[in-house]
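Undergrad: entry-v5.cif is reproduced below (mmCIF, C-alpha atoms and all ligand atoms).
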```
data_final
#
loop_
_atom_site.label_atom_id
_atom_site.label_comp_id
_atom_site.auth_asym_id
_atom_site.auth_seq_id
_atom_site.Cartn_x
_atom_site.Cartn_y
_atom_site.Cartn_z
CA MET A 1 1.56 -43.04 58.42
CA ARG A 2 4.40 -45.00 56.96
CA GLU A 3 4.90 -44.29 53.25
CA ILE A 4 4.42 -47.34 51.08
CA GLU A 5 5.46 -47.34 47.46
CA ASP A 6 2.70 -47.99 44.98
CA PHE A 7 3.54 -50.67 42.40
CA THR A 8 0.15 -50.93 40.74
CA ASP A 9 -0.13 -50.72 36.98
CA ASP A 10 1.21 -47.37 35.76
CA ARG A 11 -1.41 -47.28 33.03
CA LEU A 12 -3.99 -46.64 35.76
CA LYS A 13 -2.20 -43.41 36.64
CA ALA A 14 -2.61 -41.75 33.27
CA TRP A 15 -5.70 -39.72 34.19
CA CYS A 16 -6.80 -37.27 36.85
CA ILE A 17 -9.08 -39.39 39.04
CA HIS A 18 -11.56 -36.53 39.40
CA CYS A 19 -12.08 -35.22 35.88
CA GLY A 20 -10.46 -37.87 33.69
CA ALA A 21 -8.02 -35.40 32.08
CA ALA A 22 -4.87 -37.05 30.74
CA ILE A 23 -2.22 -36.18 33.33
CA ALA A 24 0.48 -35.98 30.65
CA ASN A 25 -1.35 -33.08 28.99
CA VAL A 26 -2.18 -30.94 32.01
CA ARG A 27 -0.42 -29.41 34.99
CA SER A 28 -0.78 -31.69 37.96
CA ASN A 29 0.10 -31.57 41.62
CA ARG A 30 0.01 -33.64 44.73
CA ASP A 31 -3.26 -33.52 46.57
CA HIS A 32 -3.56 -34.59 50.18
CA VAL A 33 -6.18 -37.20 51.03
CA PRO A 34 -7.67 -36.56 53.49
CA THR A 35 -7.99 -32.79 53.12
CA LYS A 36 -4.87 -31.52 54.85
CA SER A 37 -6.57 -28.80 56.88
CA PHE A 38 -8.65 -31.44 58.72
CA LEU A 39 -5.46 -32.55 60.47
CA THR A 40 -3.70 -30.69 63.28
CA LYS A 41 -1.11 -28.07 62.46
CA ALA A 42 1.49 -30.16 64.27
CA LEU A 43 0.88 -33.19 62.06
CA ARG A 44 0.76 -31.08 58.89
CA GLY A 45 4.12 -29.64 59.84
CA ARG A 46 5.62 -33.08 60.37
CA GLY A 47 4.16 -34.22 57.03
CA ALA A 48 5.80 -31.28 55.26
CA ASP A 49 9.12 -32.15 56.94
CA TYR A 50 8.79 -35.71 55.70
CA ASP A 51 8.11 -34.51 52.15
CA ARG A 52 11.31 -32.46 52.33
CA GLY A 53 13.17 -35.60 53.35
CA ALA A 54 13.70 -34.45 56.93
CA GLY A 55 10.92 -36.04 58.92
CA ASP A 56 10.28 -39.29 60.66
CA ASP A 57 9.24 -42.40 58.71
CA LEU A 58 5.76 -42.37 60.20
CA ASP A 59 5.02 -38.77 59.26
CA TYR A 60 4.03 -39.37 55.66
CA LEU A 61 0.61 -37.94 54.82
CA PRO A 62 -1.26 -39.68 51.97
CA GLN A 63 -1.13 -37.83 48.66
CA VAL A 64 -2.26 -38.52 45.12
CA PHE A 65 -1.48 -36.79 41.82
CA ILE A 66 -4.43 -34.94 40.33
CA CYS A 67 -4.75 -32.14 37.78
CA GLN A 68 -4.18 -28.62 39.00
CA GLY A 69 -7.65 -27.49 37.95
CA CYS A 70 -9.33 -30.07 40.19
CA ASN A 71 -6.85 -29.42 42.98
CA SER A 72 -7.60 -25.72 43.21
CA GLY A 73 -11.28 -26.36 42.46
CA PHE A 74 -11.69 -28.32 45.70
CA SER A 75 -10.06 -25.69 47.90
CA PRO A 76 -13.08 -23.42 48.50
CA ASP A 77 -15.29 -26.40 49.41
CA GLU A 78 -12.63 -27.86 51.71
CA ASN A 79 -12.27 -24.50 53.38
CA TYR A 80 -16.03 -24.26 53.79
CA PHE A 81 -16.19 -27.74 55.34
CA LEU A 82 -13.36 -26.82 57.73
CA CYS A 83 -15.27 -23.71 58.85
CA VAL A 84 -18.39 -25.81 59.47
CA LEU A 85 -16.39 -28.28 61.58
CA HIS A 86 -14.79 -25.53 63.64
CA ALA A 87 -18.07 -23.66 64.16
CA VAL A 88 -19.87 -26.81 65.28
CA MET A 89 -17.09 -27.90 67.62
CA ALA A 90 -16.74 -24.45 69.16
CA GLY A 91 -20.52 -23.98 69.24
CA SER A 92 -20.33 -20.57 67.62
CA LEU A 93 -19.52 -18.74 64.42
CA TYR A 94 -17.55 -16.31 66.57
CA PRO A 95 -15.59 -18.53 68.95
CA ASP A 96 -13.69 -17.20 71.92
CA GLN A 97 -10.02 -16.86 70.94
CA ALA A 98 -8.87 -18.03 74.37
CA LYS A 99 -11.07 -21.13 74.47
CA HIS A 100 -10.95 -22.13 70.80
CA PRO A 101 -7.87 -20.50 69.27
CA GLU A 102 -7.77 -22.58 66.08
CA ALA A 103 -11.51 -22.21 65.41
CA ALA A 104 -11.37 -18.48 66.13
CA THR A 105 -8.50 -17.97 63.70
CA VAL A 106 -10.04 -20.05 60.91
CA LEU A 107 -13.47 -18.46 61.19
CA ARG A 108 -12.10 -14.94 61.51
CA SER A 109 -10.13 -15.32 58.32
CA ASN A 110 -13.16 -16.71 56.46
CA ARG A 111 -15.78 -14.02 56.97
CA HIS A 112 -17.46 -14.83 53.64
CA VAL A 113 -18.05 -18.41 54.80
CA VAL A 114 -19.35 -17.21 58.17
CA ARG A 115 -21.74 -14.85 56.37
CA SER A 116 -23.05 -17.66 54.17
CA LEU A 117 -23.45 -19.96 57.19
CA LYS A 118 -25.66 -17.35 58.85
CA GLN A 119 -28.17 -17.72 56.06
CA MET A 120 -31.01 -20.13 56.63
CA PRO A 121 -31.81 -22.42 53.69
CA ASP A 122 -34.67 -20.11 52.73
CA GLY A 123 -32.25 -17.22 52.50
CA GLN A 124 -33.34 -15.45 55.69
CA LEU A 125 -30.75 -14.35 58.17
CA SER A 126 -31.06 -16.08 61.47
CA LEU A 127 -29.81 -14.38 64.57
CA PHE A 128 -28.68 -17.42 66.47
CA ASP A 129 -25.09 -16.36 67.10
CA ASP A 130 -24.03 -17.55 70.50
CA LEU A 131 -27.58 -18.57 71.32
CA GLN A 132 -28.36 -22.13 72.36
CA PRO A 133 -28.97 -24.48 70.76
CA PHE A 134 -26.45 -23.61 68.11
CA THR A 135 -27.63 -24.83 64.74
CA LEU A 136 -26.00 -24.59 61.34
CA PHE A 137 -27.55 -25.22 57.96
CA PRO A 138 -24.53 -25.89 55.81
CA ASP A 139 -24.59 -26.31 52.06
CA PHE A 140 -24.62 -30.10 51.73
CA GLU A 141 -23.50 -30.00 48.11
CA LYS A 142 -20.16 -28.46 49.11
CA ILE A 143 -19.67 -31.03 51.86
CA ARG A 144 -20.64 -33.84 49.51
CA ARG A 145 -17.97 -32.77 46.99
CA VAL A 146 -15.28 -32.92 49.68
CA VAL A 147 -16.50 -36.32 50.92
CA ILE A 148 -16.31 -37.72 47.38
CA LYS A 149 -12.92 -36.14 46.71
CA ASN A 150 -11.43 -37.78 49.77
CA ALA A 151 -13.14 -41.14 49.20
CA ARG A 152 -11.90 -41.28 45.62
CA GLY A 153 -8.43 -40.32 46.78
CA HIS A 154 -8.37 -43.00 49.51
CA ALA A 155 -9.42 -45.73 47.07
CA TYR A 156 -6.81 -44.60 44.56
CA HIS A 157 -4.07 -44.26 47.16
CA GLU A 158 -4.69 -47.64 48.78
CA LEU A 159 -5.92 -49.80 45.92
CA GLY A 160 -4.38 -48.04 42.92
CA GLU A 161 -7.88 -47.98 41.52
CA PRO A 162 -9.11 -44.89 39.66
CA LEU A 163 -12.88 -44.54 40.16
CA LEU A 164 -13.73 -42.14 37.36
CA GLU A 165 -17.49 -42.68 37.50
CA ALA A 166 -19.74 -40.78 39.87
CA PRO A 167 -20.30 -42.80 43.05
CA ASP A 168 -23.59 -44.69 43.35
CA HIS A 169 -24.11 -43.71 46.97
CA VAL A 170 -22.84 -40.88 49.19
CA ALA A 171 -23.99 -40.28 52.76
CA PHE A 172 -22.76 -38.35 55.77
CA VAL A 173 -24.22 -37.91 59.21
CA GLN A 174 -23.16 -36.90 62.70
CA LEU A 175 -21.73 -40.00 64.34
CA GLU A 176 -23.91 -39.43 67.42
CA ARG A 177 -27.04 -39.59 65.27
CA LEU A 178 -26.44 -43.25 64.44
CA SER A 179 -28.42 -45.76 66.47
CA PRO A 180 -26.31 -48.35 68.37
CA GLU A 181 -27.04 -50.91 65.64
CA GLN A 182 -26.14 -48.49 62.85
CA ARG A 183 -22.99 -47.49 64.70
CA GLU A 184 -21.95 -51.09 65.10
CA ALA A 185 -22.54 -51.82 61.42
CA PHE A 186 -20.64 -48.70 60.44
CA GLU A 187 -17.66 -49.43 62.67
CA SER A 188 -17.54 -53.14 61.90
CA VAL A 189 -14.59 -54.40 59.96
CA GLY A 190 -15.00 -56.81 57.10
CA THR A 191 -13.66 -60.29 57.13
CA ASP A 192 -10.00 -61.14 57.26
CA ALA A 193 -8.86 -60.72 53.70
CA ASP A 194 -9.07 -63.99 51.86
CA LEU A 195 -7.31 -64.33 48.55
CA ALA A 196 -10.41 -63.65 46.52
CA ALA A 197 -10.72 -60.27 48.16
CA TRP A 198 -7.12 -59.14 47.75
CA PRO A 199 -6.63 -55.83 46.02
CA GLU A 200 -4.47 -55.42 42.96
CA VAL A 201 -0.95 -56.80 43.32
CA GLY A 202 1.49 -54.05 44.27
CA SER A 203 -1.10 -51.73 45.78
CA ARG A 204 -0.41 -50.08 49.11
CA MET A 205 -3.28 -52.03 50.60
CA THR A 206 -1.56 -55.34 49.85
CA VAL A 207 1.37 -54.14 51.97
CA HIS A 208 -0.97 -53.16 54.82
CA LEU A 209 -2.50 -56.62 54.63
CA LEU A 210 0.84 -58.43 54.51
CA ASN A 211 2.07 -56.46 57.53
CA GLY A 212 -1.14 -57.26 59.38
CA GLU A 213 -1.86 -53.53 59.66
CA ALA A 214 -5.25 -53.68 58.02
CA MET A 215 -8.06 -55.95 57.00
CA THR A 216 -10.62 -55.65 54.25
CA GLY A 217 -12.81 -52.83 55.48
CA GLY A 218 -10.49 -52.17 58.43
CA TRP A 219 -9.78 -48.69 59.74
CA ILE A 220 -6.63 -46.79 58.90
CA THR A 221 -6.04 -43.88 61.28
CA VAL A 222 -4.35 -40.83 59.76
CA GLU A 223 -4.53 -38.89 63.05
CA PRO A 224 -6.34 -40.07 66.18
CA GLY A 225 -9.44 -37.95 66.86
CA ARG A 226 -9.06 -36.16 63.53
CA TYR A 227 -9.39 -38.58 60.67
CA ARG A 228 -9.70 -42.28 59.93
CA TYR A 229 -10.87 -44.19 56.89
CA ALA A 230 -11.75 -47.72 55.87
CA ILE A 231 -12.07 -49.30 52.45
CA ASP A 232 -13.97 -52.46 51.61
CA TRP A 233 -13.32 -53.64 48.06
CA SER A 234 -14.62 -57.20 48.48
CA GLY A 235 -17.79 -56.20 46.58
CA PRO A 236 -18.52 -52.70 45.34
CA VAL A 237 -15.79 -50.31 46.52
CA LEU A 238 -17.03 -48.80 49.79
CA VAL A 239 -15.06 -45.99 51.49
CA LYS A 240 -16.00 -44.95 55.02
CA THR A 241 -14.44 -42.03 56.87
CA VAL A 242 -14.78 -40.46 60.29
CA ILE A 243 -13.89 -36.77 60.48
CA TRP A 244 -13.01 -35.33 63.91
CA GLU A 245 -14.93 -38.26 65.45
CA TYR A 246 -17.95 -36.15 64.60
CA ILE A 247 -19.02 -36.85 61.03
CA ALA A 248 -19.33 -40.33 59.56
CA THR A 249 -19.27 -40.65 55.77
CA GLU A 250 -19.90 -43.47 53.36
CA THR A 251 -19.22 -43.43 49.62
CA ARG A 252 -19.81 -46.42 47.39
CA TRP A 253 -19.04 -47.20 43.77
CA GLY A 254 -21.15 -50.02 42.33
CA THR A 255 -24.41 -51.48 43.52
CA ILE A 256 -24.96 -54.14 46.13
CA ASP A 257 -26.55 -57.33 44.82
CA PRO A 258 -29.88 -57.95 46.46
CA ALA A 259 -29.31 -60.99 48.67
ZN ZN B 1 -8.84 -33.14 37.19
#
```
Mind converting the file's structure to structure tokens?

TA:
Amino acid sequence: MREIEDFTDDRLKAWCIHCGAAIANVRSNRDHVPTKSFLTKALRGRGADYDRGAGDDLDYLPQVFICQGCNSGFSPDENYFLCVLHAVMAGSLYPDQAKHPEAATVLRSNRHVVRSLKQMPDGQLSLFDDLQPFTLFPDFEKIRRVVIKNARGHAYHELGEPLLEAPDHVAFVQLERLSPEQREAFESVGTDADLAAWPEVGSRMTVHLLNGEAMTGGWITVEPGRYRYAIDWSGPVLVKTVIWEYIATETRWGTIDPA
């Protein structure tokens, strides 16, 4: 993505968006939104080059400042989510190194996650390794925390808006599970931004809108096939993401008025 400077009110940047800690009083670092490991190694490498001042203009990867405690607190859950994605895509907790090199490497170096994924929700071991159909019973709470982390980060990055409250609605589902009508509603882009629906002056989203690169609720692709997100702020702030074209997520702050 092209890096866009954020000119929203600096007073909004005084707190960690996840825990509300005053940034001035705590150690803070840059946190990638989306979770960096969801992107390909090639793109992560180009993003790191860009951060060093060496890369191409379009290689910026979105980042926000958060406190170090939150940053390292998310890592185990993000790692867990990554293992789930790899296992599902490869169809095994022990993927073939030749067929699925990335999945094999990630899962081999995360044996503790693999062990926990072999547990059924009732705590019994299931012996389904490499049997069809391959089914996982991941810990939804861990996945939910990663979904919220990224949604909050996207809203902050694009709109300059810290959403310190807990979201009012969080959902995630396999994209293929959506009915055609649900899929259409999920994919649909809001209206062309009218003035009433413009985000805060100076936010990155205003630049996207001015350049015609996005619309209210329109999709911003971080990496094709890996990650895209959309934000609709015309009513309650609604953040939608699609991870690996496999999982669709929706996180909303605020309630929808009954029509
Ligand atoms: Zn924090």

Undergrad: Just how far from CA of His169 (chain A) is CA of Lys118 (chain A), in Å to one decimal?

TA: 29.0 Å

Undergrad: Considering all atoms listed in the file, state which residue in the set A:Val88, A:Glu184, A:Asp31, A:Thr255 is at the smallest distance from Phe137 (chain A).

TA: A:Val88

Undergrad: Just checking: using all atoms listed in the file, which residue out of A:Gly225, A:Gly69, A:Gly47, A:Pro162 ends up closest to ligand ZN 1 (chain B)?

TA: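 Ranking A:Gly225, A:Gly69, A:Gly47, A:Pro162 by distance to ligand ZN 1 (chain B), first place goes to A:Gly69.
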
Undergrad: Neighbours of ligand ZN 1 (chain B) at 7 Å or closer, counting all atoms listed in the file: which residues, as a PDB file with C-alpha atoms, keeping the file's coordinate frame?

TA:
```pdb
ATOM      1  CA  CYS A  16      -6.800 -37.270  36.850  1.00  0.00           C
ATOM      2  CA  ILE A  17      -9.080 -39.390  39.040  1.00  0.00           C
ATOM      3  CA  HIS A  18     -11.560 -36.530  39.400  1.00  0.00           C
ATOM      4  CA  CYS A  19     -12.080 -35.220  35.880  1.00  0.00           C
ATOM      5  CA  GLY A  20     -10.460 -37.870  33.690  1.00  0.00           C
ATOM      6  CA  ALA A  21      -8.020 -35.400  32.080  1.00  0.00           C
ATOM      7  CA  ILE A  66      -4.430 -34.940  40.330  1.00  0.00           C
ATOM      8  CA  CYS A  67      -4.750 -32.140  37.780  1.00  0.00           C
ATOM      9  CA  GLN A  68      -4.180 -28.620  39.000  1.00  0.00           C
ATOM     10  CA  GLY A  69      -7.650 -27.490  37.950  1.00  0.00           C
ATOM     11  CA  CYS A  70      -9.330 -30.070  40.190  1.00  0.00           C
TER      12      CYS A  70
END
```

Undergrad: Considering all atoms listed in the file, state which residue in the set A:Thr8, A:Ala54, A:Arg2, A:Arg228 is at the smallest distance from Val201 (chain A).

TA: A:Thr8

Undergrad: Interatomic distance between CA of Leu164 (chain A) and CA of Thr251 (chain A)?

TA: 13.5 Å

Undergrad: May I have the residues within 9 Å of Leu82 (chain A) as a count of residues only, using only C-alpha atoms and disregarding those fewer than 6 positions away in the same chain?

TA: 3

Undergrad: Calculated over all atoms listed in the file, which of the candidates A:His157, A:Lys13, A:Arg144, A:His100 has the smallest distance to Thr206 (chain A)?

TA: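 The answer is A:His157, which sits nearest to Thr206 (chain A).
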
Undergrad: I'd like the interatomic distance between CA of His112 (chain A) and CA of Arg27 (chain A), to a tenth of an Å.

TA: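 CA of Arg27 (chain A) lies at a distance of 29.2 Å from CA of His112 (chain A).
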
Undergrad: Between A:Ala185, A:Leu58, A:Ile143, A:Ala104, which is the closest to Tyr80 (chain A) once you count all atoms listed in the file?

TA: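 The closest residue to Tyr80 (chain A) is A:Ile143.
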
Undergrad: Which residue, A:Ala151, A:Ala48, A:Ala230, A:Arg115, has the smallest gap to Leu61 (chain A) when you use all atoms listed in the file?

TA: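 Closest to Leu61 (chain A), using all atoms listed in the file: A:Ala48.
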
Undergrad: Find the residues with any atom within 9 Å of (-22.3, -44.0, 43.0); use all atoms listed in the file and the coordinates as given in the file, and write the answer as a list in words.

TA: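 Residues with an atom at most 9 Å from (-22.3, -44.0, 43.0): Glu165, Ala166, Pro167, Asp168, His169, Val170, Thr251, Arg252, Trp253, Gly254 and Thr255 of chain A.
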
Undergrad: Excluding Thr249 (chain A) and residues on its chain fewer than 4 positions from it, collect all residues at most 7 Å away from it, counting only C-alpha atoms, and give them as a PyMOL selection string.

TA: chain A and resi 171-173+240-242

Undergrad: Place a sphere of radius 12 Å on (0.7, -32.2, 65.2) in the file coordinates and name every protein, DNA or RNA residue with an atom inside or on its surface, counting all atoms listed in the file; give the answer as a PDB file with C-alpha atoms, in the coordinates of the input.

TA:
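Writing the result to out_30.pdb gives the following:
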```
ATOM      1  CA  LYS A  36      -4.870 -31.520  54.850  1.00  0.00           C
ATOM      2  CA  SER A  37      -6.570 -28.800  56.880  1.00  0.00           C
ATOM      3  CA  PHE A  38      -8.650 -31.440  58.720  1.00  0.00           C
ATOM      4  CA  LEU A  39      -5.460 -32.550  60.470  1.00  0.00           C
ATOM      5  CA  THR A  40      -3.700 -30.690  63.280  1.00  0.00           C
ATOM      6  CA  LYS A  41      -1.110 -28.070  62.460  1.00  0.00           C
ATOM      7  CA  ALA A  42       1.490 -30.160  64.270  1.00  0.00           C
ATOM      8  CA  LEU A  43       0.880 -33.190  62.060  1.00  0.00           C
ATOM      9  CA  ARG A  44       0.760 -31.080  58.890  1.00  0.00           C
ATOM     10  CA  GLY A  45       4.120 -29.640  59.840  1.00  0.00           C
ATOM     11  CA  ARG A  46       5.620 -33.080  60.370  1.00  0.00           C
ATOM     12  CA  GLY A  47       4.160 -34.220  57.030  1.00  0.00           C
ATOM     13  CA  ALA A  48       5.800 -31.280  55.260  1.00  0.00           C
ATOM     14  CA  ASP A  49       9.120 -32.150  56.940  1.00  0.00           C
ATOM     15  CA  ASP A  59       5.020 -38.770  59.260  1.00  0.00           C
ATOM     16  CA  LEU A  61       0.610 -37.940  54.820  1.00  0.00           C
ATOM     17  CA  VAL A 222      -4.350 -40.830  59.760  1.00  0.00           C
ATOM     18  CA  GLU A 223      -4.530 -38.890  63.050  1.00  0.00           C
ATOM     19  CA  PRO A 224      -6.340 -40.070  66.180  1.00  0.00           C
ATOM     20  CA  GLY A 225      -9.440 -37.950  66.860  1.00  0.00           C
ATOM     21  CA  ARG A 226      -9.060 -36.160  63.530  1.00  0.00           C
TER      22      ARG A 226
END
```

Undergrad: Can you fill out region 64-76 of chain A with N, CA and C atoms and hand it back as a PDB file, keeping the file's coordinate frame?

TA:
```
ATOM      1  N   VAL A  64      -2.092 -37.964  46.465  1.00  0.00           N
ATOM      2  CA  VAL A  64      -2.260 -38.520  45.120  1.00  0.00           C
ATOM      3  C   VAL A  64      -2.044 -37.398  44.105  1.00  0.00           C
ATOM      4  N   PHE A  65      -1.649 -37.775  42.888  1.00  0.00           N
ATOM      5  CA  PHE A  65      -1.480 -36.790  41.820  1.00  0.00           C
ATOM      6  C   PHE A  65      -2.815 -36.531  41.147  1.00  0.00           C
ATOM      7  N   ILE A  66      -3.216 -35.277  41.091  1.00  0.00           N
ATOM      8  CA  ILE A  66      -4.430 -34.940  40.330  1.00  0.00           C
ATOM      9  C   ILE A  66      -4.125 -33.670  39.521  1.00  0.00           C
ATOM     10  N   CYS A  67      -5.025 -33.314  38.609  1.00  0.00           N
ATOM     11  CA  CYS A  67      -4.750 -32.140  37.780  1.00  0.00           C
ATOM     12  C   CYS A  67      -4.900 -30.879  38.633  1.00  0.00           C
ATOM     13  N   GLN A  68      -4.203 -29.845  38.211  1.00  0.00           N
ATOM     14  CA  GLN A  68      -4.180 -28.620  39.000  1.00  0.00           C
ATOM     15  C   GLN A  68      -5.564 -27.959  39.067  1.00  0.00           C
ATOM     16  N   GLY A  69      -6.315 -28.080  37.970  1.00  0.00           N
ATOM     17  CA  GLY A  69      -7.650 -27.490  37.950  1.00  0.00           C
ATOM     18  C   GLY A  69      -8.527 -28.088  39.039  1.00  0.00           C
ATOM     19  N   CYS A  70      -8.525 -29.419  39.147  1.00  0.00           N
ATOM     20  CA  CYS A  70      -9.330 -30.070  40.190  1.00  0.00           C
ATOM     21  C   CYS A  70      -8.789 -29.699  41.561  1.00  0.00           C
ATOM     22  N   ASN A  71      -7.471 -29.717  41.693  1.00  0.00           N
ATOM     23  CA  ASN A  71      -6.850 -29.420  42.980  1.00  0.00           C
ATOM     24  C   ASN A  71      -7.316 -28.074  43.512  1.00  0.00           C
ATOM     25  N   SER A  72      -7.196 -27.035  42.689  1.00  0.00           N
ATOM     26  CA  SER A  72      -7.600 -25.720  43.210  1.00  0.00           C
ATOM     27  C   SER A  72      -9.117 -25.603  43.256  1.00  0.00           C
ATOM     28  N   GLY A  73      -9.819 -26.391  42.434  1.00  0.00           N
ATOM     29  CA  GLY A  73     -11.280 -26.360  42.460  1.00  0.00           C
ATOM     30  C   GLY A  73     -11.861 -26.851  43.775  1.00  0.00           C
ATOM     31  N   PHE A  74     -11.175 -27.780  44.434  1.00  0.00           N
ATOM     32  CA  PHE A  74     -11.690 -28.320  45.700  1.00  0.00           C
ATOM     33  C   PHE A  74     -11.456 -27.368  46.871  1.00  0.00           C
ATOM     34  N   SER A  75     -10.474 -26.484  46.740  1.00  0.00           N
ATOM     35  CA  SER A  75     -10.060 -25.690  47.900  1.00  0.00           C
ATOM     36  C   SER A  75     -11.193 -24.901  48.572  1.00  0.00           C
ATOM     37  N   PRO A  76     -12.029 -24.175  47.817  1.00  0.00           N
ATOM     38  CA  PRO A  76     -13.080 -23.420  48.500  1.00  0.00           C
ATOM     39  C   PRO A  76     -14.039 -24.323  49.290  1.00  0.00           C
TER      40      PRO A  76
END
```
